[in-house]
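J.: Just dropping this structure here.
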Amino acid sequence: MIRLDGKQTSVALKNEIAEEVAKRKEQGLKQPHLAAILVGNNGASETYVANKVKACKEVGFKSSLIRYETSVSEEELLSRIDKINQDQDIDGLIVQLPLPDHISEEKVTERINPNKDVDGFHPQNMGRLALGSPCYVSATPHGIMELISRYNIETSGKKCVVIGRSNIVGRPMSILMSQKGIDATVTLCHSRTVGLKEICLEADIIIAALGKAEFLKADMVKEGATIIDVGITRVPSDKTKSGWKLLGDVDFENVAPKCSFITPVPGGVGPMTIASLLYNTLMSAKNEIYK
Ligand SMILES: Nc1nc(=O)c2c([nH]1)NC[C@@H]1CN(c3ccc(C(=O)N[C@@H](CCC(=O)O)C(=O)O)cc3)C=[N+]21
Ligand SMILES: [Mg+2]
């Protein structure tokens, strides 16, 4: 069993990005600049955004964190997005999800200039993804593809099961794994799937992205499978300093012995998500996607 070390791989990817940023600086080009909007004070969102800002520093990016109270109006948020869309210095804009109920995530996502949409959530980027055209690939799916490629995991002709059909992970993952050059045969499963266990038992690669702690058990996994765990659930724990521990969607302890490759939580997909966001921001600074 080989652990897919997202921490170490994200450092490698960040080093590549930092090197390119340094080179661009020598050429007199400006630093890439990521703006992040955070509404309210959801604990997990705070951590993720803090990690993103820290990672920007590590690679030599500029970052702007824009905070609003939970009570901010949708109108005010949208007009801030308009302003950032116009700001020549800002290359990438993300609005951390989830948003409070009175704000439409759909409206917010659609308001971001697709050219600065380094989350890849805008319909134009999602549409391009489906068509196989140049686009910003959302960070978690992009990070997973990087892990698969850097560990030389075979995908061609393999049976891939994606569990979870969210717009930000499951759906784009199913598109990426079936695209030309990757060539897996994909089954996209969800809460209404009948016979999930039998479907999983056939899989060479399972991507668990349903958001249920330790959902995928050893008796659902074929010997030698590759397991990608996207889940991240916080549960109270008196054994850790922070007072909680993180659980993935996979029962790691029992599943790992059966696998050829498996991502841990934490230290798997999470750090790759952050590095991929930086990658997309660099692409935007270079105008590589929308020339
Ligand atoms: N507009 C938007 N873009 C996102 O990319 C986005 C989002 N909203 N909303 C929530 C999800 C989740 N997400 C994670 C990012 C980093 C870690 C991460 O750093 N994980 C660490 C552990 C971090 C911890 O201690 O909690 C790890 O797995 O090792 C996890 C999850 C980005 N998301
Ligand atoms: Mg650009």
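Chain labels follow the order of the structure tokens: the first chain is A, the next B, and so on; residue numbering restarts at 1 in every chain, and ligands are counted from 1 in their shown order.
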List all protein, DNA and RNA residues that have an atom no more than 7 Å from any atom of ligand 2, counting only C-alpha atoms and all ligand atoms, and report them as a count of residues only.
T.: 8
J.: Near region 121-130 of chain A, within 12 Å and counting only C-alpha atoms, which residues show up once chain neighbours fewer than 3 positions away are dropped, as a ChimeraX atom specification?
T.: /A:93-97,105-118,133-142,166-169,171-180,289-290
J.: Go ahead and dump the residues you just picked, C-alpha atoms, as a short mmCIF file (atom, residue, chain, number, x, y, z; two decimals), in the first residue's frame.
T.:
data_model
loop_
_atom_site.label_atom_id
_atom_site.label_comp_id
_atom_site.auth_asym_id
_atom_site.auth_seq_id
_atom_site.Cartn_x
_atom_site.Cartn_y
_atom_site.Cartn_z
CA LEU A 93 -11.04 35.83 -7.15
CA ILE A 94 -12.65 33.21 -4.96
CA VAL A 95 -15.73 33.52 -2.79
CA GLN A 96 -15.47 30.90 -0.08
CA LEU A 97 -18.48 28.59 0.07
CA GLU A 105 -24.33 30.95 -4.45
CA GLU A 106 -25.42 30.61 -8.04
CA LYS A 107 -25.72 34.38 -8.56
CA VAL A 108 -22.40 35.02 -6.84
CA THR A 109 -20.59 32.37 -8.87
CA GLU A 110 -22.02 33.68 -12.13
CA ARG A 111 -20.99 37.24 -11.31
CA ILE A 112 -17.26 36.46 -11.15
CA ASN A 113 -15.40 37.20 -14.37
CA PRO A 114 -14.68 33.73 -15.84
CA ASN A 115 -11.16 35.00 -16.51
CA LYS A 116 -10.57 35.45 -12.76
CA ASP A 117 -12.61 32.44 -11.69
CA VAL A 118 -9.67 30.42 -10.34
CA SER A 133 -11.70 23.20 -23.84
CA PRO A 134 -9.11 25.28 -21.95
CA CYS A 135 -10.56 26.34 -18.59
CA TYR A 136 -9.89 26.75 -14.91
CA VAL A 137 -10.35 23.29 -13.44
CA SER A 138 -11.71 23.58 -9.93
CA ALA A 139 -9.02 23.15 -7.36
CA THR A 140 -9.96 19.87 -5.68
CA PRO A 141 -10.45 17.91 -8.93
CA HIS A 142 -7.31 19.52 -10.34
CA SER A 166 -21.52 17.90 -6.11
CA ASN A 167 -20.78 20.72 -8.53
CA ILE A 168 -17.38 21.36 -6.97
CA VAL A 169 -16.01 17.81 -6.75
CA ARG A 171 -19.42 16.10 -11.11
CA PRO A 172 -16.19 17.66 -12.45
CA MET A 173 -14.21 14.61 -11.26
CA SER A 174 -16.45 12.33 -13.32
CA ILE A 175 -15.84 14.51 -16.37
CA LEU A 176 -12.07 14.63 -15.88
CA MET A 177 -11.65 10.89 -15.34
CA SER A 178 -13.56 10.12 -18.53
CA GLN A 179 -11.77 12.68 -20.70
CA LYS A 180 -9.45 11.78 -23.58
CA ILE A 289 -6.39 30.03 -20.20
CA TYR A 290 -8.16 33.01 -21.78
#
J.: At a cut-off of 9 Å, using only C-alpha atoms, what residues contact Val161 (chain A)? Leave out same-chain residues fewer than 5 positions from it and give the result as a list in words.
T.: Ser174, Thr185, Val186, Thr187, Leu188, Cys189, Ile199, Cys200, Glu202, Ala203, Asp204, Ile205, Ile206, Ile207 and Ala208 of chain A
J.: Based on the selection just made, write N, CA and C atoms of those residues as a compact mmCIF listing (two decimals), in the first residue's frame.
T.:
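That gives us result-v6.txt:
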# COMPACT_ATOMS: atom_id res chain seq x y z
N SER A 174 -15.95 13.36 -12.39
CA SER A 174 -16.45 12.33 -13.32
C SER A 174 -16.12 12.72 -14.75
N THR A 185 -13.27 4.50 -17.35
CA THR A 185 -14.70 4.29 -17.53
C THR A 185 -15.36 4.65 -16.20
N VAL A 186 -16.18 5.69 -16.23
CA VAL A 186 -16.63 6.30 -14.98
C VAL A 186 -18.07 5.94 -14.64
N THR A 187 -18.30 5.62 -13.39
CA THR A 187 -19.65 5.49 -12.85
C THR A 187 -19.81 6.54 -11.75
N LEU A 188 -20.79 7.42 -11.94
CA LEU A 188 -21.02 8.49 -10.95
C LEU A 188 -22.17 8.07 -10.04
N CYS A 189 -21.86 7.83 -8.77
CA CYS A 189 -22.85 7.36 -7.81
C CYS A 189 -23.27 8.48 -6.86
N ILE A 199 -21.19 -2.00 -6.93
CA ILE A 199 -20.54 -1.13 -7.92
C ILE A 199 -19.12 -0.80 -7.47
N CYS A 200 -18.96 -0.48 -6.20
CA CYS A 200 -17.63 -0.15 -5.66
C CYS A 200 -16.68 -1.35 -5.74
N GLU A 202 -16.33 -3.44 -7.94
CA GLU A 202 -15.80 -3.60 -9.30
C GLU A 202 -14.70 -2.57 -9.60
N ALA A 203 -14.60 -1.52 -8.77
CA ALA A 203 -13.81 -0.34 -9.14
C ALA A 203 -12.31 -0.54 -8.96
N ASP A 204 -11.55 -0.04 -9.95
CA ASP A 204 -10.09 0.05 -9.81
C ASP A 204 -9.72 1.32 -9.06
N ILE A 205 -10.53 2.36 -9.26
CA ILE A 205 -10.28 3.65 -8.60
C ILE A 205 -11.60 4.12 -8.00
N ILE A 206 -11.57 4.49 -6.72
CA ILE A 206 -12.77 5.06 -6.08
C ILE A 206 -12.45 6.46 -5.58
N ILE A 207 -13.29 7.40 -5.95
CA ILE A 207 -13.15 8.77 -5.45
C ILE A 207 -14.33 9.04 -4.54
N ALA A 208 -14.07 9.10 -3.24
CA ALA A 208 -15.13 9.25 -2.26
C ALA A 208 -15.30 10.73 -1.94
J.: For the structure I just gave you, how does DSSP split region 44-212 of chain A - specifically, which residues are helix (DSSP H, G or I)? Reply as a ChimeraX atom specification.
T.: /A:44-59,74-86,105-111,114-116,123-131,139-150,170-178,196-201
J.: Residues within 8 Å of region 2-7 of chain A, please, as a count of residues only. Count only C-alpha atoms; anything in the same chain fewer than 4 positions from it doesn't count.
T.: 15
J.: Choose the residue, out of A:Asp251, A:Asp229, A:Asp238, A:Glu74, that has the smallest atom-to-atom separation from ligand 1; count only C-alpha atoms and all ligand atoms.
T.: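 Looking at the shortest contact to ligand 1, the residue is A:Asp229.
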J.: Return as an MDAnalysis selection string the full set of residues in region 69-226 of chain A whose backbone-based DSSP assignment is strand (DSSP E or B).
T.: chainID A and resid 92:95 159:163 185:189 205:208 216 226
J.: Closest to ligand 1 among A:Thr70, A:Ser242, A:Thr193, A:Asn51, using only C-alpha atoms and all ligand atoms?
T.: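 Closest to ligand 1, using only C-alpha atoms and all ligand atoms: A:Asn51.
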J.: Which is closest to ligand 1 among A:Val255, A:Val49, A:Val250, A:Ala184, if we use only C-alpha atoms and all ligand atoms?
T.: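 With only C-alpha atoms and all ligand atoms as the atom set, the closest residue is A:Val49.
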J.: Could you check how far CA of Leu77 (chain A) sits from atom 17 (C, counted along the ligand's line) of ligand 1, in Å to one decimal?
T.: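 If I compute the distance from CA of Leu77 (chain A) to atom 17 (C, counted along the ligand's line) of ligand 1, I get 23.8 Å.
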J.: Go through A:Gln31, A:Thr47, A:Ser104, A:Thr281 and flag the residue nearest ligand 1, using only C-alpha atoms and all ligand atoms for the distances.
T.: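 Comparing A:Gln31, A:Thr47, A:Ser104, A:Thr281 against ligand 1, the winner is A:Thr47.
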J.: Between CA of Asp219 (chain A) and CA of His190 (chain A), what is the spacing in Å?
T.: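 According to the coordinates, CA of His190 (chain A) and CA of Asp219 (chain A) are separated by 18.5 Å.
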J.: Could you check the closest approach to Tyr279 (chain A) for each of A:Glu253, A:Asp87, A:Glu146, A:Glu26 and tell me which residue wins, using only C-alpha atoms?
T.: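 The closest residue to Tyr279 (chain A) is A:Glu146.
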J.: Mind giving me the straight-line distance from CA of Thr233 (chain A) to CA of Ala213 (chain A) in Å, one decimal?
T.: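 Interatomic distance here is 6.0 Å.
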